[in-house]
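Chemist: coords.cif (mmCIF, C-alpha atoms (C1' of nucleotides)) pasted underneath:
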data_start
#
loop_
_atom_site.label_atom_id
_atom_site.label_comp_id
_atom_site.auth_asym_id
_atom_site.auth_seq_id
_atom_site.Cartn_x
_atom_site.Cartn_y
_atom_site.Cartn_z
CA MET A 165 -9.14 -32.60 -34.65
CA PRO A 166 -6.50 -32.19 -31.92
CA LYS A 167 -3.39 -34.02 -32.93
CA LYS A 168 -3.14 -36.51 -30.11
CA VAL A 169 -1.54 -34.76 -27.17
CA ASP A 170 -3.49 -34.22 -23.98
CA HIS A 171 -3.78 -30.49 -23.73
CA GLY A 172 -4.68 -30.51 -20.06
CA GLN A 173 -1.82 -32.79 -19.12
CA ARG A 174 0.75 -30.62 -20.91
CA ARG A 175 -0.53 -27.60 -19.06
CA GLU A 176 -0.26 -29.40 -15.77
CA GLU A 177 3.29 -30.48 -16.50
CA ILE A 178 4.19 -26.89 -17.05
CA ALA A 179 2.26 -25.79 -13.97
CA GLU A 180 4.26 -28.34 -12.04
CA ALA A 181 7.47 -26.69 -13.13
CA VAL A 182 6.08 -23.29 -12.19
CA CYS A 183 5.33 -24.53 -8.69
CA ARG A 184 8.74 -26.09 -8.22
CA LEU A 185 10.35 -22.85 -9.29
CA ALA A 186 8.06 -20.65 -7.23
CA GLY A 187 8.65 -22.76 -4.17
CA ARG A 188 12.38 -22.68 -4.64
CA GLU A 189 13.03 -19.10 -5.70
CA GLY A 190 9.78 -17.24 -5.29
CA LEU A 191 7.52 -15.83 -7.95
CA ASP A 192 10.21 -13.42 -9.13
CA GLY A 193 12.32 -16.34 -10.21
CA VAL A 194 9.57 -17.59 -12.47
CA SER A 195 10.30 -16.54 -16.05
CA LEU A 196 9.11 -18.23 -19.21
CA ARG A 197 12.61 -19.43 -19.97
CA GLN A 198 13.22 -20.73 -16.47
CA VAL A 199 9.91 -22.54 -16.50
CA ALA A 200 10.74 -24.13 -19.82
CA THR A 201 14.14 -25.25 -18.54
CA GLU A 202 12.68 -26.59 -15.31
CA ALA A 203 10.05 -28.51 -17.21
CA GLY A 204 12.67 -29.77 -19.65
CA VAL A 205 10.82 -28.40 -22.64
CA SER A 206 11.32 -25.58 -25.09
CA MET A 207 10.12 -22.08 -24.44
CA GLY A 208 8.00 -22.33 -27.56
CA ARG A 209 6.01 -25.11 -25.95
CA VAL A 210 5.29 -23.05 -22.89
CA GLN A 211 4.08 -20.24 -25.08
CA HIS A 212 1.97 -22.63 -27.09
CA TYR A 213 -0.03 -23.69 -24.04
CA PHE A 214 -0.23 -20.34 -22.30
CA THR A 215 -0.84 -17.20 -24.28
CA THR A 216 0.51 -15.08 -21.47
CA LYS A 217 2.75 -15.43 -18.46
CA ASP A 218 -0.03 -14.16 -16.27
CA GLU A 219 -2.38 -16.84 -17.51
CA MET A 220 0.27 -19.44 -16.78
CA LEU A 221 0.67 -18.20 -13.22
CA ARG A 222 -3.06 -18.14 -12.62
CA PHE A 223 -3.39 -21.67 -13.93
CA ALA A 224 -0.55 -22.86 -11.73
CA PHE A 225 -2.15 -21.25 -8.72
CA ARG A 226 -5.51 -22.79 -9.43
CA THR A 227 -3.87 -26.17 -9.94
CA ILE A 228 -2.10 -26.12 -6.64
CA SER A 229 -5.14 -24.79 -4.83
CA GLU A 230 -7.14 -27.72 -6.09
CA ARG A 231 -4.42 -30.07 -5.01
CA VAL A 232 -4.50 -28.72 -1.48
CA GLU A 233 -8.25 -29.01 -1.40
CA GLN A 234 -8.05 -32.57 -2.57
CA ARG A 235 -5.53 -33.43 0.09
CA MET A 236 -7.89 -31.94 2.64
CA ALA A 237 -10.72 -34.04 1.27
CA THR A 238 -8.57 -37.14 1.41
CA ALA A 239 -7.53 -36.44 4.96
CA VAL A 240 -11.14 -35.95 5.99
CA ALA A 241 -12.23 -39.09 4.19
CA GLY A 242 -9.58 -41.01 6.11
CA LEU A 243 -11.40 -40.19 9.33
CA GLY A 244 -14.29 -42.46 8.59
CA GLU A 245 -17.96 -41.50 8.89
CA SER A 246 -19.21 -38.67 11.04
CA PRO A 247 -15.89 -37.93 12.74
CA PRO A 248 -15.83 -35.66 15.79
CA PRO A 249 -15.59 -31.96 14.88
CA ARG A 250 -12.19 -31.59 16.45
CA ALA A 251 -10.66 -34.31 14.30
CA LEU A 252 -12.35 -32.88 11.25
CA VAL A 253 -11.06 -29.35 11.77
CA ARG A 254 -7.64 -30.61 12.74
CA ALA A 255 -7.34 -32.68 9.60
CA LEU A 256 -8.17 -29.67 7.47
CA LEU A 257 -5.84 -27.27 9.20
CA VAL A 258 -2.89 -29.63 9.51
CA GLU A 259 -2.95 -30.14 5.77
CA MET A 260 -2.25 -26.43 5.30
CA LEU A 261 0.90 -26.55 7.38
CA PRO A 262 4.15 -27.61 5.72
CA LEU A 263 4.46 -30.76 7.80
CA SER A 264 3.61 -33.70 5.62
CA GLU A 265 5.82 -34.27 2.61
CA PRO A 266 3.40 -33.05 -0.07
CA ALA A 267 2.41 -30.05 2.04
CA ARG A 268 6.06 -29.11 2.41
CA ALA A 269 6.17 -28.74 -1.34
CA GLU A 270 2.91 -26.87 -1.71
CA ALA A 271 3.00 -24.49 1.21
CA PRO A 272 5.83 -22.26 -0.10
CA VAL A 273 3.97 -21.91 -3.37
CA LEU A 274 0.76 -20.99 -1.61
CA ALA A 275 2.61 -18.53 0.60
CA THR A 276 4.22 -16.93 -2.42
CA PHE A 277 0.91 -16.46 -4.19
CA LEU A 278 -0.69 -15.24 -0.98
CA ALA A 279 2.02 -12.63 -0.64
CA ARG A 280 1.53 -11.47 -4.20
CA ALA A 281 -2.17 -11.06 -3.50
CA VAL A 282 -1.21 -8.16 -1.23
CA VAL A 283 -0.27 -6.07 -4.26
CA GLU A 284 -2.48 -7.81 -6.82
CA PRO A 285 -6.13 -7.49 -5.84
CA ALA A 286 -7.30 -9.82 -8.61
CA LEU A 287 -5.35 -12.66 -7.02
CA ALA A 288 -6.79 -11.85 -3.63
CA GLU A 289 -10.27 -11.98 -5.08
CA SER A 290 -9.69 -15.42 -6.56
CA GLN A 291 -8.77 -16.77 -3.14
CA ARG A 292 -11.67 -15.08 -1.47
CA ALA A 293 -14.38 -17.64 -2.08
CA ASP A 294 -12.32 -20.61 -0.95
CA ALA A 295 -11.20 -18.84 2.19
CA GLU A 296 -14.75 -17.87 2.98
CA ARG A 297 -16.05 -21.39 2.51
CA LEU A 298 -13.37 -22.77 4.79
CA ARG A 299 -14.11 -20.22 7.46
CA GLU A 300 -17.81 -20.93 7.37
CA PHE A 301 -17.20 -24.63 7.59
CA VAL A 302 -14.89 -24.29 10.57
CA THR A 303 -17.36 -21.93 12.21
CA ALA A 304 -20.11 -24.49 11.78
CA GLN A 305 -17.95 -27.23 13.25
CA ILE A 306 -17.15 -25.14 16.28
CA GLY A 307 -20.80 -24.20 16.54
CA ALA A 308 -21.65 -26.60 19.30
CA ALA A 309 -18.84 -25.43 21.54
CA PRO A 310 -19.30 -22.50 23.93
CA GLY A 311 -17.95 -19.04 23.11
CA ASN A 312 -18.07 -17.17 19.83
CA PRO A 313 -17.62 -19.72 17.02
CA ALA A 314 -17.09 -17.15 14.27
CA LEU A 315 -14.32 -15.36 16.15
CA GLU A 316 -12.71 -18.65 17.12
CA ALA A 317 -12.79 -19.82 13.53
CA THR A 318 -11.21 -16.61 12.30
CA ALA A 319 -8.56 -16.94 14.97
CA LEU A 320 -7.86 -20.57 14.06
CA LEU A 321 -7.44 -19.76 10.40
CA ALA A 322 -5.23 -16.82 11.22
CA ILE A 323 -3.13 -19.07 13.44
CA VAL A 324 -2.68 -21.54 10.63
CA ASP A 325 -1.76 -18.74 8.26
CA GLY A 326 0.75 -17.36 10.70
CA LEU A 327 2.20 -20.74 11.59
CA MET A 328 2.61 -21.58 7.94
CA THR A 329 4.66 -18.47 7.35
CA GLN A 330 6.74 -18.90 10.47
CA LEU A 331 7.38 -22.55 9.73
CA LEU A 332 8.53 -21.68 6.22
CA ILE A 333 10.99 -19.11 7.46
CA GLY A 334 12.10 -21.29 10.33
CA HIS A 335 10.85 -19.11 13.15
CA VAL A 336 9.06 -22.05 14.73
CA ASP A 337 9.70 -25.75 14.44
CA PRO A 338 7.12 -28.32 13.33
CA ALA A 339 6.63 -29.76 16.81
CA THR A 340 5.92 -26.35 18.31
CA ALA A 341 3.54 -25.51 15.50
CA LEU A 342 1.56 -28.68 16.02
CA SER A 343 1.50 -28.18 19.78
CA THR A 344 0.29 -24.63 19.30
CA LEU A 345 -2.52 -25.72 17.03
CA ASP A 346 -3.53 -28.67 19.20
CA TYR A 347 -3.51 -26.51 22.28
CA GLN A 348 -6.11 -24.24 20.72
CA LEU A 349 -8.13 -27.14 19.41
CA ASP A 350 -8.16 -28.73 22.86
CA ARG A 351 -9.36 -25.48 24.30
CA ILE A 352 -12.12 -24.94 21.75
CA PHE A 353 -13.43 -28.47 21.44
CA GLY A 354 -12.38 -29.78 24.83
CA ALA A 355 -9.30 -31.93 25.35
CA ALA A 356 -9.21 -35.00 23.12
CA MET B 295 35.96 16.11 5.27
CA PRO B 296 32.51 15.16 4.02
CA LYS B 297 31.07 17.91 1.96
CA LYS B 298 28.08 18.92 4.04
CA VAL B 299 25.26 16.50 3.26
CA ASP B 300 23.87 14.21 5.91
CA HIS B 301 24.75 10.76 4.68
CA GLY B 302 22.25 9.03 6.95
CA GLN B 303 19.40 11.30 6.00
CA ARG B 304 19.94 10.77 2.30
CA ARG B 305 19.89 7.05 2.81
CA GLU B 306 16.65 7.28 4.74
CA GLU B 307 15.05 9.40 2.04
CA ILE B 308 15.85 6.68 -0.45
CA ALA B 309 14.70 3.97 1.93
CA GLU B 310 11.43 5.84 2.23
CA ALA B 311 10.95 5.64 -1.52
CA VAL B 312 11.78 1.94 -1.43
CA CYS B 313 9.09 1.36 1.16
CA ARG B 314 6.48 3.33 -0.74
CA LEU B 315 7.23 1.33 -3.86
CA ALA B 316 7.35 -2.01 -2.07
CA GLY B 317 4.06 -1.30 -0.37
CA ARG B 318 2.43 -0.29 -3.60
CA GLU B 319 3.78 -2.83 -6.07
CA GLY B 320 5.67 -5.41 -4.09
CA LEU B 321 9.38 -6.05 -3.97
CA ASP B 322 9.47 -7.03 -7.64
CA GLY B 323 8.47 -3.51 -8.56
CA VAL B 324 11.48 -2.11 -6.78
CA SER B 325 14.20 -1.34 -9.31
CA LEU B 326 16.99 1.18 -8.97
CA ARG B 327 15.41 3.41 -11.58
CA GLN B 328 11.95 3.21 -10.06
CA VAL B 329 13.34 4.00 -6.65
CA ALA B 330 15.16 7.00 -8.04
CA THR B 331 12.03 8.24 -9.77
CA GLU B 332 9.90 7.68 -6.68
CA ALA B 333 12.38 9.57 -4.55
CA GLY B 334 12.62 12.31 -7.15
CA VAL B 335 16.38 11.95 -7.49
CA SER B 336 18.74 10.61 -10.10
CA MET B 337 19.72 7.01 -10.32
CA GLY B 338 23.32 8.05 -9.81
CA ARG B 339 22.44 9.32 -6.38
CA VAL B 340 20.86 6.04 -5.38
CA GLN B 341 23.99 4.21 -6.51
CA HIS B 342 26.14 6.66 -4.66
CA TYR B 343 24.54 5.84 -1.33
CA PHE B 344 24.05 2.13 -1.85
CA THR B 345 26.73 0.08 -3.52
CA THR B 346 24.24 -2.64 -4.31
CA LYS B 347 20.51 -3.09 -4.71
CA ASP B 348 20.58 -5.78 -2.10
CA GLU B 349 22.21 -3.47 0.39
CA MET B 350 19.54 -0.88 -0.32
CA LEU B 351 16.78 -3.37 0.32
CA ARG B 352 18.35 -4.57 3.54
CA PHE B 353 18.72 -1.00 4.74
CA ALA B 354 15.11 -0.23 3.88
CA PHE B 355 13.96 -3.29 5.75
CA ARG B 356 16.01 -2.43 8.82
CA THR B 357 14.71 1.11 8.71
CA ILE B 358 11.09 0.09 8.66
CA SER B 359 11.62 -2.57 11.30
CA GLU B 360 13.01 0.04 13.61
CA ARG B 361 10.09 2.29 12.88
CA VAL B 362 7.62 -0.40 13.85
CA GLU B 363 9.54 -1.09 17.03
CA GLN B 364 9.50 2.56 17.88
CA ARG B 365 5.77 2.80 17.34
CA MET B 366 5.40 -0.14 19.66
CA ALA B 367 7.52 1.58 22.25
CA THR B 368 5.50 4.76 21.89
CA ALA B 369 2.23 2.88 22.25
CA VAL B 370 3.50 1.15 25.37
CA ALA B 371 4.78 4.39 26.82
CA GLY B 372 1.34 5.89 26.33
CA LEU B 373 -0.09 3.37 28.76
CA GLY B 374 1.55 4.97 31.79
CA GLU B 375 3.53 3.13 34.42
CA SER B 376 3.16 -0.56 35.09
CA PRO B 377 0.17 -1.15 32.86
CA PRO B 378 -1.79 -4.40 33.09
CA PRO B 379 -0.29 -7.18 30.97
CA ARG B 380 -3.32 -7.36 28.74
CA ALA B 381 -3.09 -3.70 27.77
CA LEU B 382 0.63 -4.07 27.24
CA VAL B 383 0.39 -7.05 24.95
CA ARG B 384 -2.57 -5.56 23.13
CA ALA B 385 -0.71 -2.33 22.45
CA LEU B 386 2.18 -4.25 20.94
CA LEU B 387 0.10 -6.53 18.77
CA VAL B 388 -2.32 -3.89 17.54
CA GLU B 389 0.60 -1.89 16.22
CA MET B 390 1.50 -4.74 13.92
CA LEU B 391 -1.91 -4.78 12.28
CA PRO B 392 -2.58 -2.35 9.44
CA LEU B 393 -5.20 -0.41 11.38
CA SER B 394 -3.68 2.89 12.41
CA GLU B 395 -2.62 5.19 9.61
CA PRO B 396 1.15 4.67 9.94
CA ALA B 397 0.71 0.93 10.32
CA ARG B 398 -1.33 0.81 7.14
CA ALA B 399 1.70 2.10 5.33
CA GLU B 400 4.22 -0.15 7.01
CA ALA B 401 2.39 -3.45 7.15
CA PRO B 402 2.45 -4.16 3.40
CA VAL B 403 6.18 -3.52 3.38
CA LEU B 404 6.73 -5.85 6.31
CA ALA B 405 4.53 -8.49 4.71
CA THR B 406 6.47 -8.23 1.48
CA PHE B 407 9.81 -8.68 3.20
CA LEU B 408 8.40 -11.49 5.31
CA ALA B 409 7.28 -13.27 2.18
CA ARG B 410 10.66 -12.89 0.59
CA ALA B 411 12.22 -14.43 3.67
CA VAL B 412 10.59 -17.70 2.62
CA VAL B 413 13.00 -18.01 -0.29
CA GLU B 414 15.84 -15.93 1.16
CA PRO B 415 17.13 -17.51 4.36
CA ALA B 416 19.42 -14.58 5.12
CA LEU B 417 16.41 -12.31 5.44
CA ALA B 418 14.65 -14.81 7.67
CA GLU B 419 17.69 -14.90 9.92
CA SER B 420 17.75 -11.14 10.28
CA GLN B 421 14.17 -11.17 11.54
CA ARG B 422 14.81 -14.07 13.84
CA ALA B 423 16.14 -12.23 16.87
CA ASP B 424 13.41 -9.60 16.94
CA ALA B 425 10.68 -12.20 16.61
CA GLU B 426 12.23 -14.25 19.37
CA ARG B 427 12.46 -11.27 21.70
CA LEU B 428 8.84 -10.39 21.10
CA ARG B 429 7.68 -13.93 21.73
CA GLU B 430 9.60 -14.17 24.96
CA PHE B 431 8.20 -10.87 26.13
CA VAL B 432 4.63 -11.88 25.39
CA THR B 433 5.21 -15.23 27.04
CA ALA B 434 6.44 -13.47 30.16
CA GLN B 435 3.44 -11.19 30.20
CA ILE B 436 1.05 -14.10 29.93
CA GLY B 437 3.06 -15.90 32.58
CA ALA B 438 0.72 -15.18 35.43
CA ALA B 439 -2.33 -16.50 33.62
CA PRO B 440 -3.29 -20.18 33.69
CA GLY B 441 -2.52 -22.52 30.82
CA ASN B 442 0.62 -22.79 28.76
CA PRO B 443 2.03 -19.27 28.30
CA ALA B 444 4.57 -20.23 25.64
CA LEU B 445 1.98 -21.92 23.44
CA GLU B 446 -0.47 -19.07 23.95
CA ALA B 447 2.17 -16.54 23.02
CA THR B 448 3.09 -18.44 19.87
CA ALA B 449 -0.59 -18.64 18.99
CA LEU B 450 -1.10 -14.92 19.59
CA LEU B 451 1.81 -13.98 17.38
CA ALA B 452 0.66 -16.36 14.70
CA ILE B 453 -2.81 -14.83 14.90
CA VAL B 454 -1.38 -11.37 14.43
CA ASP B 455 0.69 -12.59 11.49
CA GLY B 456 -2.30 -14.23 9.91
CA LEU B 457 -4.62 -11.31 10.55
CA MET B 458 -2.10 -8.93 9.05
CA THR B 459 -1.98 -10.91 5.83
CA GLN B 460 -5.73 -11.35 5.64
CA LEU B 461 -6.35 -7.70 6.36
CA LEU B 462 -3.97 -6.71 3.59
CA ILE B 463 -5.67 -8.89 1.04
CA GLY B 464 -9.11 -7.92 2.27
CA HIS B 465 -10.18 -11.32 3.54
CA VAL B 466 -11.18 -9.86 6.88
CA ASP B 467 -12.19 -6.35 7.81
CA PRO B 468 -10.51 -4.27 10.51
CA ALA B 469 -13.39 -4.58 12.96
CA THR B 470 -13.40 -8.36 12.72
CA ALA B 471 -9.63 -8.48 13.10
CA LEU B 472 -9.75 -6.40 16.25
CA SER B 473 -12.61 -8.45 17.67
CA THR B 474 -10.72 -11.64 16.95
CA LEU B 475 -7.63 -10.39 18.71
CA ASP B 476 -9.54 -8.98 21.68
CA TYR B 477 -11.51 -12.17 22.04
CA GLN B 478 -8.29 -14.12 22.51
CA LEU B 479 -6.84 -11.51 24.83
CA ASP B 480 -9.99 -11.61 26.95
CA ARG B 481 -9.71 -15.35 27.14
CA ILE B 482 -6.03 -15.38 28.07
CA PHE B 483 -5.91 -12.49 30.49
CA GLY B 484 -9.52 -12.55 31.60
CA ALA B 485 -12.14 -10.13 30.28
CA ALA B 486 -11.13 -6.49 30.54
"C1'" DT C 274 45.49 29.09 -4.89
"C1'" DC C 275 45.68 24.48 -5.89
"C1'" DC C 276 44.28 19.94 -5.28
"C1'" DT C 277 42.11 16.22 -3.35
"C1'" DT C 278 37.78 14.47 -2.02
"C1'" DT C 279 32.87 14.36 -2.12
"C1'" DA C 280 28.54 14.16 -4.38
"C1'" DC C 281 26.45 13.46 -7.63
"C1'" DA C 282 24.64 13.09 -13.11
"C1'" DA C 283 24.95 10.77 -17.36
"C1'" DT C 284 25.75 7.16 -20.15
"C1'" DG C 285 26.87 2.58 -21.51
"C1'" DC C 286 27.00 -2.57 -21.15
"C1'" DG C 287 25.62 -7.18 -21.06
"C1'" DA C 288 22.01 -9.95 -19.44
"C1'" DT C 289 17.32 -11.09 -19.11
"C1'" DC C 290 12.70 -10.23 -19.61
"C1'" DG C 291 7.78 -11.12 -21.99
"C1'" DC C 292 6.13 -11.58 -26.25
"C1'" DA C 293 5.68 -11.78 -31.43
"C1'" DT C 294 6.97 -13.90 -35.53
"C1'" DC C 295 8.31 -17.45 -38.59
"C1'" DG C 296 9.35 -22.01 -40.13
"C1'" DT C 297 8.24 -26.77 -40.10
"C1'" DA C 298 7.31 -31.73 -39.00
"C1'" DA C 299 3.45 -34.56 -38.26
"C1'" DC C 300 -1.07 -36.02 -38.15
"C1'" DC C 301 -5.83 -36.25 -40.12
"C1'" DG C 302 -10.22 -35.52 -42.44
"C1'" DG C 303 -11.66 -35.42 -47.20
"C1'" DC D 281 -2.63 -38.18 -51.37
"C1'" DC D 282 -3.32 -33.73 -50.05
"C1'" DG D 283 -4.64 -29.26 -47.82
"C1'" DG D 284 -5.15 -27.72 -43.32
"C1'" DT D 285 -4.74 -27.66 -38.70
"C1'" DT D 286 -1.91 -28.74 -34.67
"C1'" DA D 287 2.22 -28.60 -32.11
"C1'" DC D 288 5.79 -27.10 -31.55
"C1'" DG D 289 11.25 -25.10 -32.10
"C1'" DA D 290 13.93 -21.22 -33.21
"C1'" DT D 291 14.83 -16.62 -33.49
"C1'" DG D 292 14.26 -11.80 -32.97
"C1'" DC D 293 12.61 -7.42 -30.82
"C1'" DG D 294 12.17 -3.74 -27.72
"C1'" DA D 295 12.14 -2.86 -22.94
"C1'" DT D 296 14.14 -3.16 -18.57
"C1'" DC D 297 17.27 -4.79 -15.39
"C1'" DG D 298 21.65 -4.19 -12.04
"C1'" DC D 299 25.90 -2.41 -12.30
"C1'" DA D 300 30.24 -0.17 -14.08
"C1'" DT D 301 32.29 3.76 -15.92
"C1'" DT D 302 33.08 8.45 -16.74
"C1'" DG D 303 32.48 13.39 -16.32
"C1'" DT D 304 32.07 17.31 -13.38
"C1'" DA D 305 30.67 21.02 -10.10
"C1'" DA D 306 31.70 22.32 -5.60
"C1'" DA D 307 33.57 22.32 -0.95
"C1'" DG D 308 37.57 22.26 2.19
"C1'" DG D 309 42.31 21.62 3.76
"C1'" DA D 310 47.30 22.64 2.61
#
Take the structure in this file and express it as structure tokens.
Modeler:
Amino acid sequence: MPKKVDHGQRREEIAEAVCRLAGREGLDGVSLRQVATEAGVSMGRVQHYFTTKDEMLRFAFRTISERVEQRMATAVAGLGESPPPRALVRALLVEMLPLSEPARAEAPVLATFLARAVVEPALAESQRADAERLREFVTAQIGAAPGNPALEATALLAIVDGLMTQLLIGHVDPATALSTLDYQLDRIFGAA
Amino acid sequence: MPKKVDHGQRREEIAEAVCRLAGREGLDGVSLRQVATEAGVSMGRVQHYFTTKDEMLRFAFRTISERVEQRMATAVAGLGESPPPRALVRALLVEMLPLSEPARAEAPVLATFLARAVVEPALAESQRADAERLREFVTAQIGAAPGNPALEATALLAIVDGLMTQLLIGHVDPATALSTLDYQLDRIFGAA
DNA sequence: TCCTTTACAATGCGATCGCATCGTAACCGG
DNA sequence: CCGGTTACGATGCGATCGCATTGTAAAGGA
């Protein structure tokens, strides 16, 4: 019945353009026409695949969220079997910082959506579950260490959040950010 | 020569409206007309006191930055003379979190401007000096404690940044945020 | 008193926005 | 081969945007 185009792929192409734009100029710079231009397609096409701008944005956000999660999974998989908790947590958190090349592209987009969540509760809600899962996982990994694992996990995630922002706006440099994170990891899990 | 109106006061009234709007709907929701409506004045008036929207936004941001700094100063002053470093640092950082009533109003505005700084380098630059000063001060206060004061200070500020965001989007609750911060302060400065 | 300056209010302009509508080429089951 | 569905491209609409322009009431110095 469908003609022969891959609906999902078209949507992802457009989502790609949304992310490039959002990362470059922020969510305000994302208009249907700009997205179409960035993607090199007509505005009619964009409208054909997304009934509403809002739906397009939500799809783009979900797409990039999944990409980040997949990069995390890949990083973890690269550690081999039953890696030490410190390496595991570090791999996860480092992937959120704009340090590696793909992360440098994704982080501004995530930050932009995160900022919008402040004034758009529905967006905040959609991030809720993922954030909660991550926090519980980190808490569990810290579990064995002394101290209060839940509070340490919350602090670690807040650090990563803060470092991401400050890296993006150039208030800290990548080396300092990594040192800051590793310093805390050393403290929590014991020096590597 | 000037008629009899207080130029500065008028500008602050308008800046106030900008902040209310920005906190409620984000920076995208801030248009000249909306600002005028929110302030209960005509759009002509807004244009009379700000030649450009951008200038208006910058003024609003500077205004609220100064207000936060003053609240910090007040909080510190309330500690009496030569307070312990932990209390000093805590007073500063707690004022940045949306916990007290005035901070709850200011934090969303700060977060919004901070987010815009990601795609507007000029804004990032204007925050640079203040952030640097704060970090150096916190570093100095930690100085006496063991460990690496600079890395701990960077971590603390990142934590506050992250907690602010997560509080605003409801990913952590105020009690947890305070516990998280105090836990780190206890660790750095020794339990109170 | 006149006249400049200030402090607005009102209106208009061109651009851009999200979205709806319409037309149409191409494929595909019957 | 043919009607219908798909996949667009093109165009238009009303709203809103930042900003420019114009009009004007009032205060203050000469």
Chemist: Contacts from chain A to chain B, 7 Å maximum, all atoms listed in the file: show me the residue list as a list in words.
Modeler: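 In the required form, that comes to Arg188, Glu189, Gly190, Asp192, Thr276, Ala279, Ala281, Val282, Val283, Ala288, Arg292, Leu315, Thr318, Ala319, Ala322, Ile323, Asp325, Gly326, Leu327, Leu332, Ile333, His335 and Thr344 of chain A.
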Chemist: So what does the PyMOL selection byres ((chain A) within 12 of (chain D)) actually pick up in this one, as an MDAnalysis selection string?
Modeler: chainID A and resid 165:171 174 205:213
Chemist: May I have a table of the residues of chain C lying at most 8 Å from chain B, giving each one's closest pair of atoms and their distance in Å to one decimal, counting all atoms listed in the file, ordered by chain and ascending residue number, as CSV?
Modeler:
residue,atom,partner,partner_atom,distance
C:DT278,C1',B:Met295,CA,7.7
C:DT279,C1',B:Lys297,CA,5.7
C:DA280,C1',B:Lys297,CA,7.8
C:DC281,C1',B:Arg339,CA,5.9
C:DA282,C1',B:Gly338,CA,6.2
Chemist: Just want the 10 Å neighbourhood of B:Pro396, counted on only C-alpha atoms (C1' of nucleotides), with same-chain residues fewer than 4 positions away dropped. Output as JSON, numbers by chain.
Modeler: {"B": [361, 362, 365, 389, 392, 400, 401]}
Chemist: Measure the distance from atom CA of B:Ser359 to atom CA of B:Arg314 in Å and round it to one decimal.
Modeler: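 Separation between atom CA of B:Ser359 and atom CA of B:Arg314: 14.4 Å.
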Chemist: In Å, how far is it from atom CA of B:Gln364 to atom CA of B:Ala309?
Modeler: 16.8 Å
Chemist: Apply the PyMOL selection byres ((chain B and resi 373-387) around 10) to the file shown and report the selected residues as number ranges by chain.
Modeler: B: 362-363, 365-372, 388-391, 428, 431-439, 447, 450-451, 453-455, 472, 475-476, 479-480, 482-486
Chemist: Extract, using all atoms listed in the file, all DNA, RNA and protein residues at most 10 Å from A:Ala203, discarding same-chain residues fewer than 5 positions from it, and format them as a list of chain:residue names.
Modeler: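 Counting all atoms listed in the file, the residues come to A:Glu177, A:Ile178, A:Ala179, A:Glu180, A:Ala181, A:Val182, A:Arg184, A:Leu185, A:Arg197, A:Gln198, A:Val210.
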Chemist: Atom CA of B:Ala330 and atom C1' of C:DG291 are how many Å apart?
Modeler: 24.0 Å
Chemist: Applied to this file, what does the PyMOL selection byres ((chain A and resi 221) around 10) return in terms of residues, put as a PDB file with C-alpha atoms, keeping the file's coordinate frame?
Modeler:
ATOM      1  CA  ALA A 179       2.260 -25.790 -13.970  1.00  0.00           C
ATOM      2  CA  VAL A 182       6.080 -23.290 -12.190  1.00  0.00           C
ATOM      3  CA  CYS A 183       5.330 -24.530  -8.690  1.00  0.00           C
ATOM      4  CA  ALA A 186       8.060 -20.650  -7.230  1.00  0.00           C
ATOM      5  CA  LEU A 191       7.520 -15.830  -7.950  1.00  0.00           C
ATOM      6  CA  VAL A 194       9.570 -17.590 -12.470  1.00  0.00           C
ATOM      7  CA  PHE A 214      -0.230 -20.340 -22.300  1.00  0.00           C
ATOM      8  CA  THR A 216       0.510 -15.080 -21.470  1.00  0.00           C
ATOM      9  CA  LYS A 217       2.750 -15.430 -18.460  1.00  0.00           C
ATOM     10  CA  ASP A 218      -0.030 -14.160 -16.270  1.00  0.00           C
ATOM     11  CA  GLU A 219      -2.380 -16.840 -17.510  1.00  0.00           C
ATOM     12  CA  MET A 220       0.270 -19.440 -16.780  1.00  0.00           C
ATOM     13  CA  ARG A 222      -3.060 -18.140 -12.620  1.00  0.00           C
ATOM     14  CA  PHE A 223      -3.390 -21.670 -13.930  1.00  0.00           C
ATOM     15  CA  ALA A 224      -0.550 -22.860 -11.730  1.00  0.00           C
ATOM     16  CA  PHE A 225      -2.150 -21.250  -8.720  1.00  0.00           C
ATOM     17  CA  ARG A 226      -5.510 -22.790  -9.430  1.00  0.00           C
ATOM     18  CA  THR A 227      -3.870 -26.170  -9.940  1.00  0.00           C
ATOM     19  CA  PHE A 277       0.910 -16.460  -4.190  1.00  0.00           C
TER      20      PHE A 277
END
